[in-house]
Each structure stands twice: as C-alpha cells, then as structure tokens.
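Content type mmCIF, C-alpha atoms and all ligand atoms, from the file model.cif:
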```
data_target
#
loop_
_atom_site.group_PDB
_atom_site.id
_atom_site.type_symbol
_atom_site.label_atom_id
_atom_site.label_comp_id
_atom_site.auth_asym_id
_atom_site.auth_seq_id
_atom_site.Cartn_x
_atom_site.Cartn_y
_atom_site.Cartn_z
ATOM 1 C CA MET A 67 90.032 101.843 84.767
ATOM 2 C CA PRO A 68 91.536 100.343 87.934
ATOM 3 C CA GLY A 69 88.066 99.810 89.420
ATOM 4 C CA ALA A 70 87.016 97.570 86.503
ATOM 5 C CA GLU A 71 89.761 94.984 87.023
ATOM 6 C CA PRO A 72 89.058 91.782 88.975
ATOM 7 C CA ARG A 73 89.899 92.008 92.651
ATOM 8 C CA GLU A 74 92.218 89.610 94.394
ATOM 9 C CA ARG A 75 91.984 88.515 97.973
ATOM 10 C CA PRO A 76 92.919 91.467 100.177
ATOM 11 C CA ARG A 77 95.542 90.918 102.827
ATOM 12 C CA ARG A 78 95.400 92.199 106.352
ATOM 13 C CA PRO A 79 97.705 95.057 107.326
ATOM 14 C CA ALA A 80 100.885 93.833 108.953
ATOM 15 C CA ALA A 81 100.968 94.458 112.686
ATOM 16 C CA ARG A 82 102.739 97.787 113.271
ATOM 17 C CA ARG A 83 105.299 98.002 116.015
ATOM 18 C CA ASP A 84 104.669 100.821 118.453
ATOM 19 C CA VAL A 85 108.314 101.493 119.139
ATOM 20 C CA GLY A 86 110.634 104.455 118.673
ATOM 21 C CA VAL A 87 113.110 103.066 116.172
ATOM 22 C CA VAL A 88 113.159 100.052 113.870
ATOM 23 C CA GLU A 89 116.513 98.694 112.781
ATOM 24 C CA GLY A 90 116.215 98.108 109.046
ATOM 25 C CA ALA A 91 118.068 95.725 106.763
ATOM 26 C CA ASP A 92 121.167 96.591 104.821
ATOM 27 C CA VAL A 93 119.183 96.373 101.567
ATOM 28 C CA ALA A 94 121.858 97.696 99.281
ATOM 29 C CA GLY A 95 124.736 95.712 100.713
ATOM 30 C CA LEU A 96 126.613 98.962 101.295
ATOM 31 C CA GLY A 97 126.865 98.703 105.054
ATOM 32 C CA VAL A 98 124.031 101.200 105.613
ATOM 33 C CA HIS A 99 121.546 99.963 108.189
ATOM 34 C CA HIS A 100 118.460 102.159 108.096
ATOM 35 C CA ARG A 101 116.990 103.406 111.320
ATOM 36 C CA ARG A 102 113.345 104.340 110.896
ATOM 37 C CA PRO A 103 111.658 106.236 113.709
ATOM 38 C CA VAL A 104 108.140 104.858 113.991
ATOM 39 C CA ARG A 105 105.093 106.336 115.641
ATOM 40 C CA ARG A 106 106.947 108.948 117.672
ATOM 41 C CA VAL A 107 104.334 111.598 116.910
ATOM 42 C CA VAL A 108 101.460 109.215 117.550
ATOM 43 C CA ALA A 109 102.929 108.236 120.894
ATOM 44 C CA ALA A 110 103.598 111.875 121.788
ATOM 45 C CA ARG A 111 100.004 112.763 120.970
ATOM 46 C CA ARG A 112 98.703 109.907 123.075
ATOM 47 C CA GLU A 113 100.779 111.124 126.008
ATOM 48 C CA GLY A 114 100.084 114.813 125.449
ATOM 49 C CA GLY A 115 96.405 114.324 124.610
ATOM 50 C CA GLY A 116 96.559 116.983 121.848
ATOM 51 C CA ALA A 117 93.895 117.239 119.123
ATOM 52 C CA PRO A 118 94.664 114.991 116.137
ATOM 53 C CA VAL A 119 95.866 116.670 112.969
ATOM 54 C CA LYS A 120 93.577 115.910 110.027
ATOM 55 C CA LEU A 121 94.639 115.278 106.443
ATOM 56 C CA LEU A 122 92.463 115.134 103.314
ATOM 57 C CA ASP A 123 93.872 112.337 101.099
ATOM 58 C CA LEU A 124 92.758 112.959 97.486
ATOM 59 C CA PHE A 125 93.039 110.197 94.838
ATOM 60 C CA CYS A 126 93.506 107.904 97.829
ATOM 61 C CA GLY A 127 93.429 104.481 96.128
ATOM 62 C CA ALA A 128 93.791 101.687 98.686
ATOM 63 C CA GLY A 129 95.764 103.945 101.017
ATOM 64 C CA GLY A 130 99.538 103.561 100.594
ATOM 65 C CA ALA A 131 100.052 107.287 101.156
ATOM 66 C CA ALA A 132 97.338 107.330 103.833
ATOM 67 C CA MET A 133 99.037 104.633 105.906
ATOM 68 C CA GLY A 134 102.243 106.691 106.071
ATOM 69 C CA TYR A 135 100.405 109.836 107.191
ATOM 70 C CA HIS A 136 98.597 107.766 109.788
ATOM 71 C CA GLN A 137 101.951 106.506 111.079
ATOM 72 C CA ALA A 138 103.066 110.137 111.299
ATOM 73 C CA GLY A 139 100.114 110.988 113.536
ATOM 74 C CA PHE A 140 97.435 112.229 111.123
ATOM 75 C CA THR A 141 93.776 111.348 111.137
ATOM 76 C CA VAL A 142 93.224 110.650 107.439
ATOM 77 C CA VAL A 143 90.075 111.051 105.302
ATOM 78 C CA GLY A 144 90.291 109.557 101.809
ATOM 79 C CA VAL A 145 88.575 110.532 98.551
ATOM 80 C CA ASP A 146 88.617 108.469 95.352
ATOM 81 C CA ILE A 147 86.374 108.344 92.286
ATOM 82 C CA ASN A 148 86.230 104.536 92.565
ATOM 83 C CA PRO A 149 85.062 102.492 95.561
ATOM 84 C CA GLN A 150 88.041 101.566 97.732
ATOM 85 C CA PRO A 151 86.948 98.730 100.030
ATOM 86 C CA ASN A 152 90.499 98.154 101.274
ATOM 87 C CA TYR A 153 91.134 101.799 102.215
ATOM 88 C CA PRO A 154 91.864 101.572 105.947
ATOM 89 C CA TYR A 155 90.368 104.916 107.074
ATOM 90 C CA GLU A 156 87.259 107.109 106.576
ATOM 91 C CA PHE A 157 86.471 107.095 102.855
ATOM 92 C CA HIS A 158 84.305 109.206 100.505
ATOM 93 C CA GLN A 159 83.665 108.405 96.853
ATOM 94 C CA ALA A 160 83.908 111.611 94.794
ATOM 95 C CA ASP A 161 85.736 113.361 91.961
ATOM 96 C CA ALA A 162 88.775 114.865 93.681
ATOM 97 C CA ILE A 163 89.192 117.797 91.299
ATOM 98 C CA GLU A 164 85.529 118.806 91.488
ATOM 99 C CA LEU A 165 85.822 118.497 95.232
ATOM 100 C CA LEU A 166 88.933 120.682 95.435
ATOM 101 C CA GLU A 167 87.314 123.349 93.274
ATOM 102 C CA ALA A 168 84.201 123.263 95.446
ATOM 103 C CA LEU A 169 86.304 123.402 98.598
ATOM 104 C CA ALA A 170 88.187 126.411 97.358
ATOM 105 C CA ASP A 171 84.863 128.154 96.661
ATOM 106 C CA ASN A 172 83.566 127.469 100.170
ATOM 107 C CA TRP A 173 82.178 124.079 100.810
ATOM 108 C CA PRO A 174 78.577 123.703 99.575
ATOM 109 C CA THR A 175 76.167 122.568 102.241
ATOM 110 C CA GLY A 176 74.654 119.101 102.116
ATOM 111 C CA ARG A 177 77.942 117.282 101.457
ATOM 112 C CA ALA A 178 79.119 114.365 103.566
ATOM 113 C CA LEU A 179 82.670 115.642 103.960
ATOM 114 C CA PRO A 180 83.569 118.225 106.593
ATOM 115 C CA PRO A 181 84.473 121.734 105.362
ATOM 116 C CA LEU A 182 88.033 122.453 104.314
ATOM 117 C CA GLU A 183 88.810 124.503 107.397
ATOM 118 C CA GLN A 184 88.442 121.351 109.495
ATOM 119 C CA PHE A 185 91.490 119.857 107.756
ATOM 120 C CA ASP A 186 95.091 120.765 108.535
ATOM 121 C CA ALA A 187 96.643 119.625 105.249
ATOM 122 C CA ILE A 188 95.943 118.015 101.865
ATOM 123 C CA HIS A 189 97.706 115.210 100.023
ATOM 124 C CA ALA A 190 96.940 114.400 96.353
ATOM 125 C CA SER A 191 98.112 111.462 94.223
ATOM 126 C CA PRO A 192 96.519 112.090 90.797
ATOM 127 C CA THR A 193 96.806 109.184 88.362
ATOM 128 C CA CYS A 194 100.150 109.028 86.588
ATOM 129 C CA GLN A 195 99.447 106.795 83.557
ATOM 130 C CA THR A 196 99.611 109.669 81.072
ATOM 131 C CA ARG A 197 103.279 110.226 82.011
ATOM 132 C CA SER A 198 104.546 106.958 83.464
ATOM 133 C CA ARG A 199 106.923 104.976 81.278
ATOM 134 C CA ALA A 200 105.313 101.827 82.703
ATOM 135 C CA THR A 201 101.993 102.641 80.950
ATOM 136 C CA ALA A 202 103.539 101.716 77.606
ATOM 137 C CA TRP A 203 103.970 98.091 78.771
ATOM 138 C CA ARG A 204 100.209 97.555 78.924
ATOM 139 C CA GLY A 205 98.638 100.380 76.864
ATOM 140 C CA ARG A 206 99.067 103.937 75.555
ATOM 141 C CA ARG A 207 99.797 107.029 77.635
ATOM 142 C CA GLU A 208 97.602 109.126 75.305
ATOM 143 C CA ASP A 209 94.551 107.119 76.405
ATOM 144 C CA HIS A 210 94.791 108.495 79.952
ATOM 145 C CA PRO A 211 93.698 111.976 81.102
ATOM 146 C CA ASP A 212 96.118 114.461 82.654
ATOM 147 C CA LEU A 213 94.759 114.892 86.187
ATOM 148 C CA LEU A 214 97.977 116.316 87.624
ATOM 149 C CA THR A 215 97.729 119.707 85.880
ATOM 150 C CA PRO A 216 94.172 120.527 87.070
ATOM 151 C CA THR A 217 95.011 119.207 90.545
ATOM 152 C CA LEU A 218 97.979 121.574 90.843
ATOM 153 C CA GLN A 219 95.858 124.439 89.495
ATOM 154 C CA ALA A 220 93.113 123.758 92.027
ATOM 155 C CA LEU A 221 95.609 123.451 94.891
ATOM 156 C CA GLU A 222 97.059 126.871 94.026
ATOM 157 C CA THR A 223 93.755 128.340 95.231
ATOM 158 C CA VAL A 224 93.761 126.802 98.725
ATOM 159 C CA ARG A 225 95.637 128.083 101.750
ATOM 160 C CA LEU A 226 96.296 124.812 103.560
ATOM 161 C CA PRO A 227 99.694 123.160 103.308
ATOM 162 C CA TRP A 228 99.624 120.459 100.630
ATOM 163 C CA ILE A 229 101.722 117.676 99.094
ATOM 164 C CA VAL A 230 101.270 116.310 95.568
ATOM 165 C CA GLU A 231 102.837 113.005 94.567
ATOM 166 C CA ASN A 232 103.491 111.627 91.111
ATOM 167 C CA VAL A 233 105.965 109.658 89.008
ATOM 168 C CA PRO A 234 109.371 111.287 88.403
ATOM 169 C CA GLU A 235 108.442 111.702 84.712
ATOM 170 C CA ALA A 236 106.001 114.436 85.796
ATOM 171 C CA ALA A 237 108.929 116.446 87.150
ATOM 172 C CA TRP A 238 111.178 115.702 84.158
ATOM 173 C CA ASP A 239 108.550 117.139 81.758
ATOM 174 C CA GLY A 240 108.128 120.242 83.938
ATOM 175 C CA THR A 241 104.511 119.641 85.004
ATOM 176 C CA MET A 242 105.457 119.626 88.691
ATOM 177 C CA ARG A 243 108.426 120.563 90.852
ATOM 178 C CA ALA A 244 110.216 117.698 92.596
ATOM 179 C CA ASP A 245 110.876 119.193 96.025
ATOM 180 C CA TYR A 246 111.542 115.606 97.038
ATOM 181 C CA LEU A 247 112.466 112.679 94.826
ATOM 182 C CA LEU A 248 112.209 109.649 97.077
ATOM 183 C CA CYS A 249 113.123 106.000 96.529
ATOM 184 C CA GLY A 250 112.055 102.977 98.576
ATOM 185 C CA THR A 251 115.703 102.148 99.318
ATOM 186 C CA GLN A 252 116.055 105.376 101.314
ATOM 187 C CA PHE A 253 113.711 103.852 103.882
ATOM 188 C CA GLY A 254 115.312 100.430 104.066
ATOM 189 C CA LEU A 255 112.770 98.887 101.664
ATOM 190 C CA ASN A 256 113.913 96.248 99.216
ATOM 191 C CA VAL A 257 112.205 97.904 96.215
ATOM 192 C CA ARG A 258 113.141 100.100 93.307
ATOM 193 C CA ARG A 259 110.289 102.649 93.515
ATOM 194 C CA HIS A 260 110.726 106.386 92.892
ATOM 195 C CA ARG A 261 108.190 109.148 93.413
ATOM 196 C CA ALA A 262 108.331 112.947 93.100
ATOM 197 C CA PHE A 263 106.652 115.167 95.710
ATOM 198 C CA GLN A 264 105.805 118.874 95.401
ATOM 199 C CA LEU A 265 105.057 120.862 98.555
ATOM 200 C CA GLY A 266 102.682 123.842 98.581
ATOM 201 C CA ASN A 267 102.181 126.511 101.273
ATOM 202 C CA TRP A 268 104.992 125.016 103.396
ATOM 203 C CA MET A 269 108.550 123.790 102.999
ATOM 204 C CA SER A 270 110.800 121.432 104.892
ATOM 205 C CA PHE A 271 114.145 119.730 104.549
ATOM 206 C CA GLN A 272 115.672 116.713 106.251
ATOM 207 C CA LEU A 273 118.715 114.673 105.286
ATOM 208 C CA ILE A 274 118.162 110.948 104.754
ATOM 209 C CA PRO A 275 120.361 108.243 103.189
ATOM 210 C CA PRO A 276 120.652 108.585 99.400
ATOM 211 C CA CYS A 277 118.900 106.310 96.945
ATOM 212 C CA GLN A 278 120.748 103.001 96.749
ATOM 213 C CA CYS A 279 119.173 101.436 93.682
ATOM 214 C CA TYR A 280 121.825 102.298 91.092
ATOM 215 C CA ARG A 281 122.916 99.001 89.482
ATOM 216 C CA ASN A 282 121.676 97.137 92.541
ATOM 217 C CA PRO A 283 120.509 93.668 91.454
ATOM 218 C CA ARG A 284 119.260 92.795 94.969
ATOM 219 C CA LEU A 285 116.206 95.079 94.752
ATOM 220 C CA ILE A 286 112.737 94.088 93.530
ATOM 221 C CA PRO A 287 111.859 96.206 90.456
ATOM 222 C CA PHE A 288 108.284 97.303 89.626
ATOM 223 C CA GLU A 289 108.126 94.928 86.666
ATOM 224 C CA HIS A 290 108.984 91.951 88.907
ATOM 225 C CA LYS A 291 106.766 89.010 87.957
ATOM 226 C CA ASP A 292 105.831 88.326 91.586
ATOM 227 C CA GLU A 293 103.625 91.392 92.175
ATOM 228 C CA ARG A 294 102.722 90.165 95.661
ATOM 229 C CA ALA A 295 106.384 90.219 96.658
ATOM 230 C CA PHE A 296 106.688 93.788 95.322
ATOM 231 C CA ALA A 297 103.563 94.945 97.192
ATOM 232 C CA ASP A 298 104.744 93.353 100.436
ATOM 233 C CA ALA A 299 108.244 94.798 100.035
ATOM 234 C CA MET A 300 106.645 98.277 99.774
ATOM 235 C CA GLU A 301 104.832 97.416 103.054
ATOM 236 C CA CYS A 302 101.451 97.601 101.288
ATOM 237 C CA THR A 303 100.462 94.218 102.706
ATOM 238 C CA TRP A 304 96.704 94.945 103.026
ATOM 239 C CA MET A 305 96.212 95.760 99.327
ATOM 240 C CA THR A 306 95.546 93.590 96.322
ATOM 241 C CA ASN A 307 98.327 93.350 93.757
ATOM 242 C CA LEU A 308 96.376 95.631 91.412
ATOM 243 C CA GLU A 309 95.936 98.281 94.086
ATOM 244 C CA ALA A 310 99.613 98.090 94.981
ATOM 245 C CA ARG A 311 100.586 98.790 91.350
ATOM 246 C CA GLN A 312 99.408 102.372 91.891
ATOM 247 C CA ALA A 313 100.453 102.743 95.515
ATOM 248 C CA ILE A 314 103.455 104.348 97.110
ATOM 249 C CA PRO A 315 105.357 102.877 100.054
ATOM 250 C CA PRO A 316 103.845 104.296 103.273
ATOM 251 C CA ALA A 317 107.397 105.004 104.504
ATOM 252 C CA MET A 318 107.584 107.937 102.058
ATOM 253 C CA THR A 319 104.561 109.774 103.454
ATOM 254 C CA GLU A 320 105.490 108.804 106.999
ATOM 255 C CA HIS A 321 108.759 110.665 106.391
ATOM 256 C CA LEU A 322 107.050 113.717 104.860
ATOM 257 C CA GLY A 323 104.151 113.529 107.315
ATOM 258 C CA ARG A 324 106.462 113.781 110.319
ATOM 259 C CA GLN A 325 107.942 116.943 108.864
ATOM 260 C CA LEU A 326 104.459 118.252 108.134
ATOM 261 C CA THR A 327 103.273 117.676 111.712
ATOM 262 C CA ALA A 328 106.386 119.488 112.970
ATOM 263 C CA HIS A 329 105.571 122.385 110.624
ATOM 264 C CA LEU A 330 101.936 122.472 111.777
ATOM 265 C CA GLN A 331 102.985 122.401 115.417
ATOM 266 C CA ALA A 332 105.431 125.263 114.774
ATOM 267 C CA VAL A 333 102.897 127.505 113.021
ATOM 268 C CA THR A 334 100.107 126.925 115.538
ATOM 269 C CA ARG A 335 102.299 127.445 118.598
HETATM 270 C C1 LIG A 401 98.004 106.731 91.927
HETATM 271 S S1 LIG A 401 96.483 106.079 92.504
HETATM 272 C C2 LIG A 401 96.522 106.536 94.218
HETATM 273 C C3 LIG A 401 97.433 105.684 95.041
HETATM 274 C C4 LIG A 401 97.395 105.972 96.519
HETATM 275 N N1 LIG A 401 97.805 107.333 96.811
HETATM 276 C C5 LIG A 401 98.280 105.010 97.276
HETATM 277 O O1 LIG A 401 99.396 105.383 97.670
HETATM 278 O O2 LIG A 401 97.835 103.865 97.494
HETATM 279 C C6 LIG A 401 95.334 107.203 91.824
HETATM 280 C C7 LIG A 401 93.896 107.019 92.232
HETATM 281 O O3 LIG A 401 93.140 108.079 91.655
HETATM 282 C C8 LIG A 401 91.824 107.621 91.455
HETATM 283 N N2 LIG A 401 91.152 108.582 90.569
HETATM 284 C C9 LIG A 401 91.206 108.688 89.219
HETATM 285 N N3 LIG A 401 90.509 109.765 88.813
HETATM 286 C C10 LIG A 401 90.009 110.366 89.916
HETATM 287 C C11 LIG A 401 89.236 111.525 90.169
HETATM 288 N N4 LIG A 401 88.833 112.316 89.154
HETATM 289 N N5 LIG A 401 88.920 111.825 91.439
HETATM 290 C C12 LIG A 401 89.324 111.047 92.456
HETATM 291 N N6 LIG A 401 90.072 109.933 92.304
HETATM 292 C C13 LIG A 401 90.420 109.608 91.043
HETATM 293 C C14 LIG A 401 92.004 106.206 90.953
HETATM 294 O O4 LIG A 401 90.841 105.448 91.188
HETATM 295 C C15 LIG A 401 93.215 105.754 91.783
HETATM 296 O O5 LIG A 401 92.787 105.031 92.903
#
```

Give the structure from this file in structure tokens form.
Amino acid sequence: MPGAEPRERPRRPAARRDVGVVEGADVAGLGVHHRRPVRRVVAARREGGGAPVKLLDLFCGAGGAAMGYHQAGFTVVGVDINPQPNYPYEFHQADAIELLEALADNWPTGRALPPLEQFDAIHASPTCQTRSRATAWRGRREDHPDLLTPTLQALETVRLPWIVENVPEAAWDGTMRADYLLCGTQFGLNVRRHRAFQLGNWMSFQLIPPCQCYRNPRLIPFEHKDERAFADAMECTWMTNLEARQAIPPAMTEHLGRQLTAHLQAVTR
C-alpha cells in the first residue's frame, strides 16, 4: 500500500507564474517551442468575480491532477483512502467508490463532504497497478484490486461531467475509452509519461502538439534512477518521490480542466 511506505521530505510547490503564456523549452529537439497558457481562467474569474467552479477529485493522492484543475480555475476537494498530508487543497479521507455510490443515491446526512449537487464536475484516478506494466518491476499485477471497473460503473449513475484517468494499458485492454491519450512532451515537459482519459457526460476537442517521445533519448523515463528529477520534471515539486510515482503531470489536467470550464460556462449560460 502506498500509505505504508516511508515518507521522504516533502518539497514546497514551485512558485506559479500568474501570466498568460509561458514559453516552454524545445524538449524534443524538433524545433517545437511549447506555449502553455497559464491561469487565464483564474485571472478571468478574479476580474469577473464569478462563483468558483468546484471539482471533486477522487483517488486524489498528493494532488498532481488537483494542481492542474486548480490552475484551470477549479476549487478542488480531494478524497483518498489514505491520509494525504501533502495534498494542497481541502482533503477528506474516505473510500472513493463507496462515496460515489452513496453520492449517486443521494448524499446521506452527517457526512463531512458537501452534497454532490454542490460540485460542478468529478475527476477520478483509480489505482492502476493491476494493469500497469511498471507493476511487474516491483511485484505482481494480480495482487492489486481492479478499482477502475467499479469506478466507471459508479460514474455511469451520476449526471455531472466527469473525467477518469488511468494508464494507457487500461484502454488497450478495453476497460476504458481513451478519449485523450496525453504525454508529458505535449506540454513541454521533459518526461516520458502517458495517461489515458475518458470523459463522461461531456465532450471536448482541442488540437495540441503531438507526443514527441518516440525514440527521444533526451527525455526522462519513468524508470529513471533519479526519481526526484522525474517528479520535478512532471512539475510535481511538492510531492515525495513515492507520491510522484503515482501522480500525473498537472499540465494534463490543466489542459482538460480549461476545456471543462469552457464547457461548464457554455451549458450554464
Ligand atoms: C494513481 S494514485 C492518484 C494520483 C493522483 N491523481 C495524482 O495525480 O497525484 C491513486 C490513489 O488512490 C488511492 N486509493 C486506493 N484505493 C482507494 C479507494 N478505495 N478510495 C479512495 N482512494 C483510494 C491511493 O491511496 C492513491 O493515492
């Protein structure tokens, strides 16, 4: 269990720049300089004074996904079965699947979390060890439960827009649909990191640079012996190395989160 492993010294989040566009590096050496819009929605909300959009972040870990949604303008509330002292936002310790089932059946009174109707969207990152090829390096996939299938089943019963994230293997074996297959290089990050995302109750599409990790020796792979360098390259600077093993680069959910806020603004107009 991730919670049972010894903790390392957490690092502080890197200072975020409150600017419109960040010029990224040419990570792949292909002449593509990434331009990443940062905090546009947040800034627009500050100026417009609109109510914050609220996202329920299930299986939140130390908050890689959460940080990206925050950058996209969401107020994020995290849920994880293990304590997450480095999670940067409001946190509740609970079983995410039990919680989703309870939420779908009307929220029972007496719980600490607000009712589902107070959220605008849901993100879920169920554990991936039962499918990830990387599990075989340190153990056996069969020793890990399949949490993705019950998560998708539970999400089918809710009406809010949702996003589920997992390793690409979960799309290859047909458990989920990869509406997006994102790589860190598409966001100017110097890492080989791929994740599949399935969207429910909404859909969006936006062109971004293609993945640039094919035969690219300049990128840091997941199995890199300097785990700190890998975590920092994902921009998960506030996490321990162990937490970052399971995290996704915030840039991925910042990208999806900006599309989700645009969708929410369009449907509530
Ligand atoms: C893939 S990690 C999440 C990574 C996170 N989204 C990020 O980007 O940093 C999966 C998390 O699920 C948690 N978890 C495992 N079983 C759970 C359950 N039944 N309910 C809630 N969380 C659970 C683990 O403790 C772990 O933190």

>> How would you report the residues lying within 7 Å of ligand LIG 401 (chain A), as a PyMOL selection string, if you count all atoms listed in the file?
In response: chain A and resi 68-69+124-132+145-148+160-163+191-194+309-310+312-315

>> Please compute the CA of Pro234 in chain A-CA of Met133 in chain A distance, one decimal, in Å.
In response: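 So the answer is 21.4 Å.
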
> What is the distance between CA of Arg261 in chain A and CA of Leu247 in chain A, in Å to one decimal?
Replying inline: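 CA of Leu247 in chain A lies at a distance of 5.7 Å from CA of Arg261 in chain A.
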
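Relative to CA of Thr303 in chain A, CA of Leu213 in chain A is found at 27.1 Å.
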
>> Set the distance at 7 Å and use only C-alpha atoms: which residues neighbour Arg324 in chain A once local chain neighbours fewer than 4 positions away are removed? I'd like the list as a ChimeraX atom specification.
In response: /A:138,320,328

> Quick one: residues within 12 Å of Glu222 in chain A, all atoms listed in the file counted, chain neighbours fewer than 4 positions away excluded, as a PyMOL selection string?
Replying inline: chain A and resi 166-167+170+188+215-218+226-230+264-267

As AutoDock Vina command-line options, please report the centre and edge lengths, rounded to one decimal in Å, of the axis-aligned box that holds all listed atoms of range 318-328 of chain A with 8 Å of padding on each of the six sides.
```
--center_x 106.0 --center_y 113.7 --center_z 107.5 --size_x 21.5 --size_y 27.6 --size_z 26.9
```

> Contacts of Gly134 in chain A at 7 Å or less, counting only C-alpha atoms, minus same-chain residues fewer than 6 places along, as a PyMOL selection string?
Replying inline: chain A and resi 316-320

> Which residue, A:Ala168, A:Thr334, A:Arg243, A:His321, has the smallest gap to Gln137 in chain A when you use all atoms listed in the file?
Replying inline: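 Of the candidates, the smallest distance to Gln137 in chain A is held by A:His321.
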
> So which residues touch Met242 in chain A within 9 Å, counting all atoms listed in the file, skipping near sequence neighbours fewer than 2 positions away, as a ChimeraX atom specification?
Replying inline: /A:214-215,218,230,232,236-240,244,262-264

>> Give me, as a list in words, all polymer residues having an atom no more than 10 Å from Ala187 in chain A, counting all atoms listed in the file and skipping those fewer than 3 positions away in the same chain.
In response: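 The contact residues come out as Val119, Lys120, Leu121, Leu122, Asp123, Phe140, Val142, Leu182, Glu183, Gln184, Arg225, Leu226, Pro227, Trp228, Ile229, Gly266, Asn267, Gly323, Leu326, Thr327 and Leu330 of chain A.
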
For C-alpha atoms, I'd like the residues from the last selection saved as a JSON list (two decimals), keeping the file's coordinate frame.
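For reference, selection35.json as written:
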```json
[["chain", "number", "residue", "atom", "x", "y", "z"],
["A", 119, "VAL", "CA", 95.87, 116.67, 112.97],
["A", 120, "LYS", "CA", 93.58, 115.91, 110.03],
["A", 121, "LEU", "CA", 94.64, 115.28, 106.44],
["A", 122, "LEU", "CA", 92.46, 115.13, 103.31],
["A", 123, "ASP", "CA", 93.87, 112.34, 101.10],
["A", 140, "PHE", "CA", 97.44, 112.23, 111.12],
["A", 142, "VAL", "CA", 93.22, 110.65, 107.44],
["A", 182, "LEU", "CA", 88.03, 122.45, 104.31],
["A", 183, "GLU", "CA", 88.81, 124.50, 107.40],
["A", 184, "GLN", "CA", 88.44, 121.35, 109.50],
["A", 225, "ARG", "CA", 95.64, 128.08, 101.75],
["A", 226, "LEU", "CA", 96.30, 124.81, 103.56],
["A", 227, "PRO", "CA", 99.69, 123.16, 103.31],
["A", 228, "TRP", "CA", 99.62, 120.46, 100.63],
["A", 229, "ILE", "CA", 101.72, 117.68, 99.09],
["A", 266, "GLY", "CA", 102.68, 123.84, 98.58],
["A", 267, "ASN", "CA", 102.18, 126.51, 101.27],
["A", 323, "GLY", "CA", 104.15, 113.53, 107.32],
["A", 326, "LEU", "CA", 104.46, 118.25, 108.13],
["A", 327, "THR", "CA", 103.27, 117.68, 111.71],
["A", 330, "LEU", "CA", 101.94, 122.47, 111.78]]
```

> For Trp304 in chain A, which residue out of A:Pro154, A:Gly139, A:Pro118, A:Gly250 is the nearest one, using all atoms listed in the file?
Replying inline: A:Pro154

> Applied to the shown file, which residues does the PyMOL selection byres (((chain A and resi 272) around 10) and not hetatm) return, written as a ChimeraX atom specification?
Replying inline: /A:270-271,273-274,321-322,325
